[in-house]
>>> print(open('protein06.csv').read())   # CSV, C-alpha atoms and all ligand atoms
chain,number,residue,atom,x,y,z
A,18,MET,CA,5.7,8.8,25.9
A,19,PRO,CA,7.3,9.8,22.5
A,20,PRO,CA,5.9,7.9,19.5
A,21,ASN,CA,9.2,6.3,18.7
A,22,GLU,CA,9.6,4.9,22.2
A,23,ARG,CA,6.0,3.7,22.2
A,24,ALA,CA,6.6,1.9,18.9
A,25,THR,CA,9.8,0.3,20.2
A,26,ARG,CA,8.0,-1.0,23.3
A,27,LEU,CA,5.0,-2.3,21.3
A,28,ALA,CA,7.4,-4.1,18.8
A,29,ALA,CA,9.1,-5.9,21.7
A,30,ARG,CA,5.8,-7.0,23.1
A,31,VAL,CA,4.7,-8.2,19.6
A,32,ALA,CA,7.9,-10.2,19.4
A,33,SER,CA,7.0,-12.0,22.6
A,34,ALA,CA,3.6,-12.7,21.0
A,35,GLU,CA,1.5,-10.9,23.6
A,36,LYS,CA,-1.9,-11.1,22.0
A,37,VAL,CA,-3.0,-7.7,23.2
A,38,ALA,CA,0.1,-6.1,21.7
A,39,VAL,CA,-0.3,-7.9,18.4
A,40,ALA,CA,-3.9,-6.7,18.2
A,41,ALA,CA,-2.8,-3.1,19.1
A,42,ALA,CA,-0.1,-3.2,16.4
A,43,LEU,CA,-2.6,-4.4,13.8
A,44,ASN,CA,-5.0,-1.6,14.8
A,45,LEU,CA,-2.2,0.9,14.4
A,46,ILE,CA,-1.2,-0.2,10.9
A,47,GLU,CA,-4.9,-0.1,9.9
A,48,ASP,CA,-5.2,3.5,11.0
A,49,ARG,CA,-5.0,5.6,7.9
A,50,ARG,CA,-5.0,9.0,9.5
A,51,ALA,CA,-2.0,11.1,8.4
A,52,GLN,CA,-0.9,11.7,12.0
A,53,SER,CA,-0.4,7.9,12.6
A,54,ARG,CA,2.0,7.6,9.7
A,55,SER,CA,5.2,8.4,11.6
A,56,GLU,CA,4.2,6.0,14.4
A,57,ILE,CA,3.5,3.2,11.9
A,58,GLU,CA,6.8,3.9,10.3
A,59,ALA,CA,8.5,3.7,13.7
A,60,LEU,CA,6.6,0.5,14.5
A,61,LEU,CA,7.7,-1.2,11.2
A,62,THR,CA,11.3,-0.1,11.8
A,63,ALA,CA,11.2,-1.5,15.4
A,64,LEU,CA,9.6,-4.8,14.2
A,65,GLY,CA,12.3,-5.2,11.7
A,66,LYS,CA,14.9,-5.1,14.5
A,67,GLU,CA,13.1,-7.8,16.5
A,68,ARG,CA,13.7,-10.7,14.1
A,69,ALA,CA,16.4,-11.9,11.7
A,70,PRO,CA,15.2,-10.8,8.2
A,71,SER,CA,14.8,-14.5,7.1
A,72,PHE,CA,12.8,-15.5,10.1
A,73,GLY,CA,9.7,-17.7,9.7
A,74,HIS,CA,7.6,-18.6,6.8
A,75,ARG,CA,4.7,-16.6,5.2
A,76,ILE,CA,2.2,-18.7,3.3
A,77,GLY,CA,-0.7,-17.4,1.2
A,78,LEU,CA,-3.8,-19.4,0.5
A,79,THR,CA,-5.7,-18.0,-2.5
A,80,GLY,CA,-8.4,-19.2,-4.9
A,81,PRO,CA,-12.0,-18.7,-5.9
A,82,PRO,CA,-14.8,-18.1,-3.3
A,83,GLY,CA,-16.1,-21.1,-1.4
A,84,VAL,CA,-13.4,-23.6,-2.2
A,85,GLY,CA,-12.6,-24.1,1.5
A,86,LYS,CA,-9.7,-21.7,2.0
A,87,SER,CA,-10.8,-20.8,5.5
A,88,THR,CA,-11.5,-24.4,6.5
A,89,LEU,CA,-8.1,-25.4,5.2
A,90,THR,CA,-6.4,-22.4,6.9
A,91,ALA,CA,-7.9,-23.6,10.2
A,92,ALA,CA,-6.8,-27.1,9.6
A,93,LEU,CA,-3.3,-26.0,8.7
A,94,ALA,CA,-3.1,-23.8,11.8
A,95,ARG,CA,-4.1,-26.8,13.9
A,96,GLU,CA,-1.5,-29.0,12.3
A,97,TYR,CA,1.3,-26.4,12.8
A,98,ARG,CA,0.2,-26.1,16.4
A,99,ALA,CA,0.4,-29.8,16.8
A,100,ARG,CA,4.0,-29.6,15.5
A,101,GLY,CA,4.8,-27.0,18.2
A,102,LEU,CA,4.9,-24.0,15.9
A,103,HIS,CA,3.2,-20.7,16.6
A,104,VAL,CA,0.8,-19.5,14.0
A,105,GLY,CA,-0.7,-16.1,12.9
A,106,VAL,CA,-3.6,-16.0,10.5
A,107,LEU,CA,-4.6,-13.0,8.4
A,108,ALA,CA,-7.7,-13.2,6.3
A,109,VAL,CA,-7.8,-10.5,3.7
A,110,ASP,CA,-10.7,-9.8,1.3
A,111,PRO,CA,-9.5,-7.5,-1.4
A,112,SER,CA,-12.6,-7.5,-3.5
A,113,SER,CA,-15.9,-6.9,-1.8
A,114,LEU,CA,-18.1,-6.2,1.2
A,115,ARG,CA,-19.6,-9.7,0.6
A,116,SER,CA,-18.9,-10.9,4.1
A,117,GLY,CA,-18.5,-7.6,5.8
A,118,GLY,CA,-14.8,-8.3,6.4
A,119,ALA,CA,-15.6,-11.4,8.4
A,120,LEU,CA,-13.8,-13.7,6.0
A,121,LEU,CA,-13.4,-16.7,8.3
A,122,GLY,CA,-16.7,-18.6,8.4
A,123,ASP,CA,-18.2,-19.4,11.7
A,124,ARG,CA,-17.3,-23.0,11.5
A,125,ALA,CA,-13.6,-22.2,10.7
A,126,ARG,CA,-13.5,-19.6,13.4
A,127,MET,CA,-15.0,-21.9,16.0
A,128,SER,CA,-12.2,-24.4,15.5
A,129,PHE,CA,-9.6,-22.0,16.8
A,130,ASP,CA,-9.0,-22.1,20.5
A,131,PRO,CA,-9.2,-18.6,22.0
A,132,GLU,CA,-7.1,-19.7,25.0
A,133,ASP,CA,-4.1,-20.7,22.8
A,134,ASP,CA,-1.3,-18.2,23.1
A,135,GLY,CA,0.5,-19.7,20.1
A,136,LEU,CA,-2.3,-18.8,17.7
A,137,PHE,CA,-3.7,-15.5,16.5
A,138,VAL,CA,-6.4,-14.9,13.9
A,139,ARG,CA,-7.5,-11.7,12.4
A,140,SER,CA,-9.5,-10.5,9.4
A,141,LEU,CA,-8.6,-7.4,7.4
A,142,ALA,CA,-11.3,-5.8,5.2
A,143,THR,CA,-9.9,-3.9,2.3
A,144,ALA,CA,-13.2,-3.5,0.4
A,145,GLY,CA,-13.1,-1.0,-2.5
A,146,ASP,CA,-9.4,-0.4,-2.0
A,147,THR,CA,-7.6,-0.9,-5.3
A,148,GLY,CA,-4.2,-2.5,-4.7
A,149,GLY,CA,-5.8,-3.2,-1.4
A,150,LEU,CA,-3.9,-6.4,-0.6
A,151,ALA,CA,-0.5,-4.9,-1.1
A,152,TYR,CA,-1.5,-2.0,1.1
A,153,ALA,CA,-3.2,-3.7,3.9
A,154,ALA,CA,-1.7,-7.1,4.1
A,155,ASN,CA,2.0,-6.3,4.0
A,156,ALA,CA,2.1,-4.4,7.2
A,157,GLY,CA,-0.2,-6.9,8.8
A,158,VAL,CA,2.0,-9.7,7.8
A,159,GLU,CA,5.1,-7.9,9.1
A,160,VAL,CA,3.3,-7.7,12.5
A,161,LEU,CA,2.3,-11.3,12.6
A,162,ALA,CA,5.6,-12.5,11.2
A,163,THR,CA,7.4,-10.9,14.2
A,164,ALA,CA,5.2,-12.7,16.7
A,165,TYR,CA,4.7,-16.1,15.1
A,166,ASP,CA,6.8,-18.8,13.3
A,167,ARG,CA,4.3,-19.3,10.5
A,168,VAL,CA,1.9,-16.8,9.0
A,169,LEU,CA,-1.1,-17.9,6.9
A,170,VAL,CA,-2.7,-15.3,4.7
A,171,GLU,CA,-6.1,-16.1,3.2
A,172,THR,CA,-7.3,-14.1,0.2
A,173,THR,CA,-10.2,-14.7,-2.1
A,174,GLY,CA,-10.3,-14.1,-5.8
A,175,VAL,CA,-8.9,-15.0,-9.2
A,176,GLY,CA,-7.3,-12.4,-11.4
A,177,GLN,CA,-5.4,-9.2,-10.9
A,178,THR,CA,-6.0,-8.5,-7.2
A,179,GLU,CA,-5.0,-12.0,-6.1
A,180,THR,CA,-1.7,-11.9,-7.9
A,181,ASP,CA,-0.8,-9.3,-5.3
A,182,VAL,CA,-0.6,-12.1,-2.7
A,183,GLU,CA,2.8,-13.1,-4.1
A,184,HIS,CA,4.2,-9.9,-2.9
A,185,VAL,CA,3.0,-10.5,0.6
A,186,VAL,CA,4.1,-14.1,1.2
A,187,ASP,CA,7.1,-16.5,0.6
A,188,THR,CA,4.9,-19.3,-0.7
A,189,VAL,CA,1.6,-19.1,-2.6
A,190,CYS,CA,-0.8,-22.0,-2.3
A,191,LEU,CA,-3.6,-22.0,-4.9
A,192,VAL,CA,-6.8,-23.7,-3.6
A,193,ILE,CA,-9.5,-25.0,-6.0
A,194,GLN,CA,-12.3,-27.5,-5.8
A,195,PRO,CA,-13.2,-30.3,-8.1
A,196,GLY,CA,-15.7,-30.1,-10.9
A,197,SER,CA,-15.7,-26.4,-11.2
A,198,GLY,CA,-13.9,-26.0,-14.5
A,199,ASP,CA,-11.2,-24.2,-12.6
A,200,VAL,CA,-8.4,-26.2,-14.2
A,201,LEU,CA,-8.9,-24.7,-17.7
A,202,GLN,CA,-9.6,-21.3,-16.4
A,203,PHE,CA,-6.4,-21.1,-14.4
A,204,ILE,CA,-4.3,-22.2,-17.3
A,205,LYS,CA,-6.0,-19.6,-19.5
A,206,ALA,CA,-5.4,-17.0,-17.0
A,207,GLY,CA,-1.7,-17.8,-16.9
A,208,ILE,CA,-2.1,-18.2,-13.2
A,209,MET,CA,0.1,-21.3,-13.2
A,210,GLU,CA,3.1,-19.1,-13.0
A,211,ILE,CA,2.1,-17.8,-9.7
A,212,PRO,CA,1.5,-20.6,-7.1
A,213,ASP,CA,4.2,-22.8,-5.5
A,214,VAL,CA,1.6,-25.4,-4.6
A,215,ILE,CA,-1.8,-26.3,-5.9
A,216,VAL,CA,-4.4,-27.9,-3.7
A,217,VAL,CA,-7.6,-29.6,-4.9
A,218,ASN,CA,-9.7,-29.3,-1.8
A,219,LYS,CA,-13.0,-31.2,-1.0
A,220,GLY,CA,-11.2,-34.4,-1.9
A,221,ASP,CA,-14.0,-36.2,-0.1
A,222,HIS,CA,-15.9,-35.7,-3.4
A,223,GLY,CA,-14.0,-38.8,-4.4
A,224,LYS,CA,-13.1,-39.4,-8.0
A,225,LEU,CA,-13.9,-35.9,-9.1
A,226,ALA,CA,-11.0,-34.5,-7.0
A,227,GLN,CA,-8.6,-37.1,-8.1
A,228,ARG,CA,-9.5,-36.5,-11.7
A,229,ALA,CA,-9.1,-32.7,-11.3
A,230,ALA,CA,-5.7,-33.3,-9.8
A,231,ALA,CA,-4.7,-35.6,-12.6
A,232,ASP,CA,-5.9,-33.0,-15.2
A,233,LEU,CA,-3.8,-30.4,-13.4
A,234,ARG,CA,-0.7,-32.6,-13.3
A,235,GLY,CA,-1.1,-33.3,-17.0
A,236,ALA,CA,-1.5,-29.7,-17.9
A,237,LEU,CA,1.5,-28.8,-15.7
A,238,ASP,CA,3.6,-31.4,-17.4
A,239,ARG,CA,2.7,-29.9,-20.8
A,240,LEU,CA,3.6,-26.4,-19.5
A,241,ARG,CA,6.8,-27.7,-18.1
A,242,ASN,CA,7.8,-29.3,-21.4
A,243,ALA,CA,7.1,-25.9,-23.0
A,244,GLY,CA,9.4,-24.3,-20.4
A,245,LEU,CA,6.6,-22.9,-18.2
A,246,GLY,CA,4.8,-23.7,-15.0
A,247,ASP,CA,7.8,-24.7,-13.0
A,248,ALA,CA,7.9,-24.4,-9.2
A,249,GLY,CA,11.6,-23.6,-9.4
A,250,HIS,CA,14.7,-25.7,-8.5
A,251,GLY,CA,13.7,-28.1,-11.4
A,252,THR,CA,10.9,-29.7,-9.3
A,253,PRO,CA,7.4,-30.0,-10.6
A,254,LEU,CA,4.7,-27.9,-9.0
A,255,PRO,CA,3.2,-30.1,-6.3
A,256,VAL,CA,-0.6,-30.8,-6.8
A,257,LEU,CA,-2.2,-32.2,-3.7
A,258,VAL,CA,-5.7,-33.4,-2.9
A,259,THR,CA,-7.0,-32.5,0.6
A,260,SER,CA,-10.2,-32.6,2.5
A,261,ALA,CA,-10.1,-29.7,4.9
A,262,ARG,CA,-13.4,-30.9,6.3
A,263,ASP,CA,-12.2,-34.4,7.1
A,264,LEU,CA,-8.6,-33.3,7.9
A,265,VAL,CA,-7.2,-35.5,5.1
A,266,GLY,CA,-3.9,-34.5,3.4
A,267,ILE,CA,-3.3,-31.6,5.8
A,268,ASP,CA,-0.1,-33.1,7.3
A,269,ALA,CA,1.2,-33.8,3.7
A,270,LEU,CA,0.5,-30.2,2.8
A,271,VAL,CA,2.4,-28.9,5.8
A,272,ASP,CA,5.3,-31.2,4.9
A,273,ILE,CA,5.3,-29.6,1.4
A,274,PHE,CA,5.4,-26.1,2.9
A,275,GLU,CA,8.2,-27.1,5.3
A,276,ALA,CA,10.2,-28.7,2.5
A,277,GLN,CA,9.8,-25.6,0.3
A,278,ARG,CA,10.9,-23.4,3.2
A,279,ALA,CA,13.9,-25.6,3.9
A,280,ARG,CA,14.9,-25.6,0.2
A,281,VAL,CA,14.9,-21.9,-0.4
A,282,SER,CA,18.2,-20.2,0.2
A,283,GLU,CA,18.4,-17.3,2.6
A,284,ALA,CA,19.4,-15.0,-0.3
A,285,GLU,CA,16.4,-16.1,-2.4
A,286,LEU,CA,14.0,-15.6,0.6
A,287,LEU,CA,15.4,-12.1,1.3
A,288,GLU,CA,15.2,-11.2,-2.3
A,289,ARG,CA,11.6,-12.2,-2.5
A,290,ARG,CA,10.7,-10.3,0.7
A,291,HIS,CA,12.5,-7.3,-0.6
A,292,CYS,CA,10.6,-7.4,-3.9
A,293,GLY,CA,7.4,-7.6,-1.9
A,294,ARG,CA,8.3,-4.5,0.0
A,295,VAL,CA,9.1,-2.6,-3.2
A,296,ALA,CA,5.7,-3.6,-4.6
A,297,TRP,CA,4.1,-2.5,-1.3
A,298,ALA,CA,5.7,0.9,-1.3
A,299,VAL,CA,4.9,1.6,-5.0
A,300,ALA,CA,1.3,0.4,-4.4
A,301,LEU,CA,1.0,2.7,-1.4
A,302,PHE,CA,2.4,5.6,-3.3
A,303,ALA,CA,0.1,5.0,-6.3
A,304,ARG,CA,-2.9,4.7,-4.0
A,305,ARG,CA,-2.1,8.0,-2.4
A,306,TYR,CA,-1.0,10.1,-5.4
A,307,GLY,CA,-2.6,8.3,-8.3
A,308,GLU,CA,-1.4,8.0,-11.9
A,309,HIS,CA,-0.6,11.7,-12.0
A,310,GLY,CA,1.7,11.3,-9.0
A,311,LEU,CA,3.4,8.4,-10.6
A,312,ASN,CA,4.0,10.4,-13.8
A,313,THR,CA,5.4,13.3,-11.7
A,314,MET,CA,8.0,11.0,-10.3
A,315,GLY,CA,9.1,9.8,-13.7
A,316,GLY,CA,6.7,6.8,-14.1
A,317,ARG,CA,6.3,3.4,-12.4
A,318,VAL,CA,9.6,1.9,-13.5
A,319,ALA,CA,11.7,4.9,-12.3
A,320,LEU,CA,9.8,4.8,-9.0
A,321,LEU,CA,10.4,1.0,-8.6
A,322,ASP,CA,14.1,1.7,-9.1
A,323,GLU,CA,14.2,4.5,-6.6
A,324,VAL,CA,12.1,2.6,-4.0
A,325,ASP,CA,14.4,-0.4,-4.5
A,326,ARG,CA,17.5,1.7,-3.6
A,327,ALA,CA,15.9,3.4,-0.7
A,328,LEU,CA,14.8,0.1,0.9
A,329,VAL,CA,18.2,-1.4,0.3
A,330,SER,CA,19.6,1.5,2.3
A,331,GLY,CA,17.4,0.6,5.3
A,332,GLU,CA,14.3,2.7,5.0
A,333,THR,CA,10.8,1.3,5.6
A,334,PRO,CA,8.2,1.2,2.8
A,335,VAL,CA,6.0,3.6,4.7
A,336,GLY,CA,9.0,6.0,5.2
A,337,VAL,CA,10.0,5.8,1.6
A,338,VAL,CA,6.5,6.7,0.5
A,339,ALA,CA,6.4,9.6,2.9
A,340,GLY,CA,9.6,11.0,1.5
A,341,LEU,CA,8.6,10.4,-2.1
A,342,GLY,CA,5.2,12.0,-1.4
A,343,GLU,CA,6.7,15.2,-0.1
A,344,ARG,CA,8.8,15.5,-3.3
A,345,CYS,CA,5.8,14.6,-5.4
A,346,LEU,CA,3.7,17.3,-3.9
A,347,ALA,CA,6.5,19.9,-4.2
A,348,ARG,CA,6.8,19.1,-7.9
A,349,LEU,CA,3.0,19.2,-8.4
A,350,ARG,CA,2.9,22.6,-6.7
A,351,SER,CA,5.9,24.2,-8.4
A,352,PRO,CA,5.1,26.3,-11.5
A,353,ILE,CA,6.0,24.7,-14.8
A,401,LIG,N1,-17.2,-31.4,1.4
A,401,LIG,C1,-16.3,-30.5,1.8
A,401,LIG,N2,-16.7,-29.3,2.1
A,401,LIG,C2,-15.8,-28.4,2.5
A,401,LIG,C3,-14.4,-28.7,2.6
A,401,LIG,N3,-13.7,-27.6,3.0
A,401,LIG,C4,-14.6,-26.6,3.2
A,401,LIG,N4,-15.9,-27.1,2.9
A,401,LIG,C5,-17.1,-26.4,2.9
A,401,LIG,O1,-17.2,-25.4,1.9
A,401,LIG,C6,-17.8,-24.2,2.3
A,401,LIG,C7,-16.9,-23.0,2.1
A,401,LIG,O2,-15.8,-23.2,3.0
A,401,LIG,P1,-14.9,-22.0,3.4
A,401,LIG,O3,-13.7,-22.5,4.1
A,401,LIG,O4,-15.7,-20.9,4.0
A,401,LIG,O5,-14.4,-21.5,1.9
A,401,LIG,P2,-13.6,-20.2,1.5
A,401,LIG,O6,-12.8,-20.6,0.3
A,401,LIG,O7,-12.8,-19.7,2.7
A,401,LIG,O8,-14.7,-19.2,1.1
A,401,LIG,P3,-14.6,-17.6,0.9
A,401,LIG,O9,-13.7,-17.1,2.0
A,401,LIG,O10,-16.0,-17.1,1.0
A,401,LIG,O11,-14.0,-17.4,-0.5
A,401,LIG,C8,-18.3,-24.4,3.7
A,401,LIG,O12,-19.6,-24.9,3.8
A,401,LIG,C9,-17.3,-25.5,4.2
A,401,LIG,O13,-17.8,-26.3,5.2
A,401,LIG,C10,-14.0,-30.0,2.3
A,401,LIG,O14,-12.8,-30.4,2.4
A,401,LIG,N5,-15.0,-30.9,1.9
A,402,MG,MG,-12.8,-17.8,3.6
>>> encode(input="protein06.csv", output="structure tokens", more="lines below")
Ligand SMILES: Nc1nc2c(ncn2[C@@H]2O[C@H](COP(=O)(O)OP(=O)(O)OP(=O)(O)O)[C@@H](O)[C@H]2O)c(=O)[nH]1
Ligand SMILES: [Mg+2]
Amino acid sequence: MPPNERATRLAARVASAEKVAVAAALNLIEDRRAQSRSEIEALLTALGKERAPSFGHRIGLTGPPGVGKSTLTAALAREYRARGLHVGVLAVDPSSLRSGGALLGDRARMSFDPEDDGLFVRSLATAGDTGGLAYAANAGVEVLATAYDRVLVETTGVGQTETDVEHVVDTVCLVIQPGSGDVLQFIKAGIMEIPDVIVVNKGDHGKLAQRAAADLRGALDRLRNAGLGDAGHGTPLPVLVTSARDLVGIDALVDIFEAQRARVSEAELLERRHCGRVAWAVALFARRYGEHGLNTMGGRVALLDEVDRALVSGETPVGVVAGLGERCLARLRSPI
């Protein structure tokens, strides 16, 4: 079967949420051999045709190690399933070999029902891959977002790599735990500009969690008064206390996600997804051709511009990068 036809068939099976097809599509996009690129591109194009561009909701859960992101992800998935929505979960570790790519702890994993066709869970290891999240997660999210109503992306870390998550999802949920000094640290890092929701998990630690949430709300008020730290639409950034372990606050968190999804206009959502794809393509290009390649194409800003135009005209990020790469190599080879 020609690769294009194979990709079209696979995309249709992904759209009907056949687990075997979803797994096969994720395997394909993880395949970094050059000969797979055209099939990946065909798959992404075909996936794009299966759903309206504003379909679904992609939510990122990010934060320091051990705060309970996986436990919370499992709890959220269960709550969404209880509401009759289909859920795809992608756990991405951009930083290390710490857990060998098995990001979801055993306890969190066990709470997923393997027989449930409306739920799919997968880890992506991107160890040692700079710009790894943008590279690995975007395509994975495109696959899951074709198959499921809600996509949850878990990623660990604070700092540069984790800011990539905003290019992959529609809504960023920052998860912290009480008593860890995280509040100050996040404000210092300027990270308050990124999330759409902040969760203080392990709320079963009682007063500590409530105090951390109050500290955060106070800090956010001050930032808001200074014209910073706004969740958009003039509403304050929601700060919520949960206990993923005891399933407390989970329904309230889902309510917040649903309200944010309902509030965002189609145009805003498409713009955000488009910007994410631009960042994805440029990260992919930079990863493959390095700083020298970027310079050859006139620098990062020129490249962002060009990628933006190409994607608007209907190309896929992988296709754009293939085209840019050929020109880059031709320029690098041509005598000065
Ligand atoms: N007390 C309490 N413990 C929790 C809660 N949520 C998670 N934990 C525990 O915290 C530990 C870490 O939980 P994970 O869900 O693996 O945390 P994580 O943020 O995904 O960790 P990494 O992926 O390694 O960064 C586990 O022992 C969980 O059982 C909670 O709400 N309350
Ligand atoms: Mg985890």
>>> residues_near_ligand(input="protein06.csv", ligand="ligand LIG 401 (chain A)", cutoff="6 Å", atoms="all atoms listed in the file", output="compact mmCIF listing (two decimals) with C-alpha atoms, in the coordinates of the input")
# COMPACT_ATOMS: atom_id res chain seq x y z
CA PRO A 81 -12.00 -18.70 -5.90
CA PRO A 82 -14.80 -18.10 -3.30
CA GLY A 83 -16.10 -21.10 -1.40
CA VAL A 84 -13.40 -23.60 -2.20
CA GLY A 85 -12.60 -24.10 1.50
CA LYS A 86 -9.70 -21.70 2.00
CA SER A 87 -10.80 -20.80 5.50
CA THR A 88 -11.50 -24.40 6.50
CA LEU A 120 -13.80 -13.70 6.00
CA GLY A 122 -16.70 -18.60 8.40
CA THR A 173 -10.20 -14.70 -2.10
CA ASN A 218 -9.70 -29.30 -1.80
CA LYS A 219 -13.00 -31.20 -1.00
CA ASP A 221 -14.00 -36.20 -0.10
CA SER A 260 -10.20 -32.60 2.50
CA ALA A 261 -10.10 -29.70 4.90
CA ARG A 262 -13.40 -30.90 6.30
>>> closest_residue(input="protein06.csv", among="A:Leu102, A:Ala59, A:Ala51, A:Leu301", to="A:Arg26", atoms="only C-alpha atoms")
A:Ala59
>>> atom_distance(input="protein06.csv", atom1="atom CA of A:Glu56", atom2="atom CA of A:Val109")
23.0 Å
>>> residues_near_point(input="protein06.csv", point="(6.2, -1.0, -2.5)", cutoff="12 Å", atoms="only C-alpha atoms", output="PyMOL selection string")
chain A and resi 148+150-156+181+184-185+290-304+317-318+320-328+332-339+341
>>> closest_residue(input="protein06.csv", among="A:Pro70, A:Gly235, A:Gly80, A:Gly342", to="ligand MG 402 (chain A)", atoms="only C-alpha atoms and all ligand atoms")
A:Gly80
>>> closest_residue(input="protein06.csv", among="A:His222, A:Arg278, A:Arg23, A:Arg350", to="A:Thr313", atoms="all atoms listed in the file")
A:Arg350
>>> closest_residue(input="protein06.csv", among="A:Ala226, A:Val186, A:Ile57, A:Ala28", to="A:Gly77", atoms="all atoms listed in the file")
A:Val186
>>> closest_residue(input="protein06.csv", among="A:Thr25, A:Val104, A:Ser140, A:Ala42", to="ligand MG 402 (chain A)", atoms="all atoms listed in the file")
A:Ser140
>>> atom_distance(input="protein06.csv", atom1="atom CA of A:Tyr165", atom2="atom CA of A:Gly101")
11.3 Å
>>> residues_near_point(input="protein06.csv", point="(8.1, -25.1, -2.6)", cutoff="10 Å", atoms="all atoms listed in the file", output="PyMOL selection string")
chain A and resi 187-190+212-214+248-250+252-255+273-281
>>> atom_distance(input="protein06.csv", atom1="atom CA of A:Leu64", atom2="atom CA of A:Gly157")
11.4 Å
>>> closest_residue(input="protein06.csv", among="A:Glu171, A:Glu285, A:Asp166, A:Glu183", to="ligand MG 402 (chain A)", atoms="all atoms listed in the file")
A:Glu171
>>> build_atoms(input="protein06.csv", residues="stretch 249-265 of chain A", atoms="N, CA and C atoms", output="PDB file, in the coordinates of the input")
ATOM      1  N   GLY A 249      10.258 -24.016  -9.690  1.00  0.00           N
ATOM      2  CA  GLY A 249      11.600 -23.600  -9.400  1.00  0.00           C
ATOM      3  C   GLY A 249      12.434 -24.815  -8.925  1.00  0.00           C
ATOM      4  N   HIS A 250      13.740 -24.672  -8.955  1.00  0.00           N
ATOM      5  CA  HIS A 250      14.700 -25.700  -8.500  1.00  0.00           C
ATOM      6  C   HIS A 250      14.440 -27.007  -9.332  1.00  0.00           C
ATOM      7  N   GLY A 251      13.849 -26.901 -10.509  1.00  0.00           N
ATOM      8  CA  GLY A 251      13.700 -28.100 -11.400  1.00  0.00           C
ATOM      9  C   GLY A 251      12.646 -29.066 -10.874  1.00  0.00           C
ATOM     10  N   THR A 252      11.931 -28.740  -9.801  1.00  0.00           N
ATOM     11  CA  THR A 252      10.900 -29.700  -9.300  1.00  0.00           C
ATOM     12  C   THR A 252       9.561 -29.315  -9.832  1.00  0.00           C
ATOM     13  N   PRO A 253       8.730 -30.336 -10.145  1.00  0.00           N
ATOM     14  CA  PRO A 253       7.400 -30.000 -10.600  1.00  0.00           C
ATOM     15  C   PRO A 253       6.567 -29.336  -9.537  1.00  0.00           C
ATOM     16  N   LEU A 254       5.619 -28.524  -9.970  1.00  0.00           N
ATOM     17  CA  LEU A 254       4.700 -27.900  -9.000  1.00  0.00           C
ATOM     18  C   LEU A 254       3.895 -28.956  -8.322  1.00  0.00           C
ATOM     19  N   PRO A 255       3.929 -29.019  -6.988  1.00  0.00           N
ATOM     20  CA  PRO A 255       3.200 -30.100  -6.300  1.00  0.00           C
ATOM     21  C   PRO A 255       1.643 -29.813  -6.442  1.00  0.00           C
ATOM     22  N   VAL A 256       0.914 -30.883  -6.749  1.00  0.00           N
ATOM     23  CA  VAL A 256      -0.600 -30.800  -6.800  1.00  0.00           C
ATOM     24  C   VAL A 256      -1.053 -31.831  -5.757  1.00  0.00           C
ATOM     25  N   LEU A 257      -1.851 -31.353  -4.829  1.00  0.00           N
ATOM     26  CA  LEU A 257      -2.200 -32.200  -3.700  1.00  0.00           C
ATOM     27  C   LEU A 257      -3.747 -32.205  -3.544  1.00  0.00           C
ATOM     28  N   VAL A 258      -4.313 -33.359  -3.193  1.00  0.00           N
ATOM     29  CA  VAL A 258      -5.700 -33.400  -2.900  1.00  0.00           C
ATOM     30  C   VAL A 258      -5.903 -33.392  -1.373  1.00  0.00           C
ATOM     31  N   THR A 259      -6.783 -32.504  -0.877  1.00  0.00           N
ATOM     32  CA  THR A 259      -7.000 -32.500   0.600  1.00  0.00           C
ATOM     33  C   THR A 259      -8.550 -32.520   0.824  1.00  0.00           C
ATOM     34  N   SER A 260      -8.893 -32.877   2.037  1.00  0.00           N
ATOM     35  CA  SER A 260     -10.200 -32.600   2.500  1.00  0.00           C
ATOM     36  C   SER A 260     -10.062 -31.816   3.823  1.00  0.00           C
ATOM     37  N   ALA A 261     -10.272 -30.522   3.733  1.00  0.00           N
ATOM     38  CA  ALA A 261     -10.100 -29.700   4.900  1.00  0.00           C
ATOM     39  C   ALA A 261     -11.175 -30.079   5.954  1.00  0.00           C
ATOM     40  N   ARG A 262     -12.352 -30.511   5.435  1.00  0.00           N
ATOM     41  CA  ARG A 262     -13.400 -30.900   6.300  1.00  0.00           C
ATOM     42  C   ARG A 262     -13.080 -32.133   7.140  1.00  0.00           C
ATOM     43  N   ASP A 263     -12.522 -33.139   6.450  1.00  0.00           N
ATOM     44  CA  ASP A 263     -12.200 -34.400   7.100  1.00  0.00           C
ATOM     45  C   ASP A 263     -10.760 -34.495   7.590  1.00  0.00           C
ATOM     46  N   LEU A 264     -10.022 -33.398   7.450  1.00  0.00           N
ATOM     47  CA  LEU A 264      -8.600 -33.300   7.900  1.00  0.00           C
ATOM     48  C   LEU A 264      -7.775 -34.419   7.157  1.00  0.00           C
ATOM     49  N   VAL A 265      -7.989 -34.543   5.863  1.00  0.00           N
ATOM     50  CA  VAL A 265      -7.200 -35.500   5.100  1.00  0.00           C
ATOM     51  C   VAL A 265      -6.208 -34.696   4.210  1.00  0.00           C
TER      52      VAL A 265
END
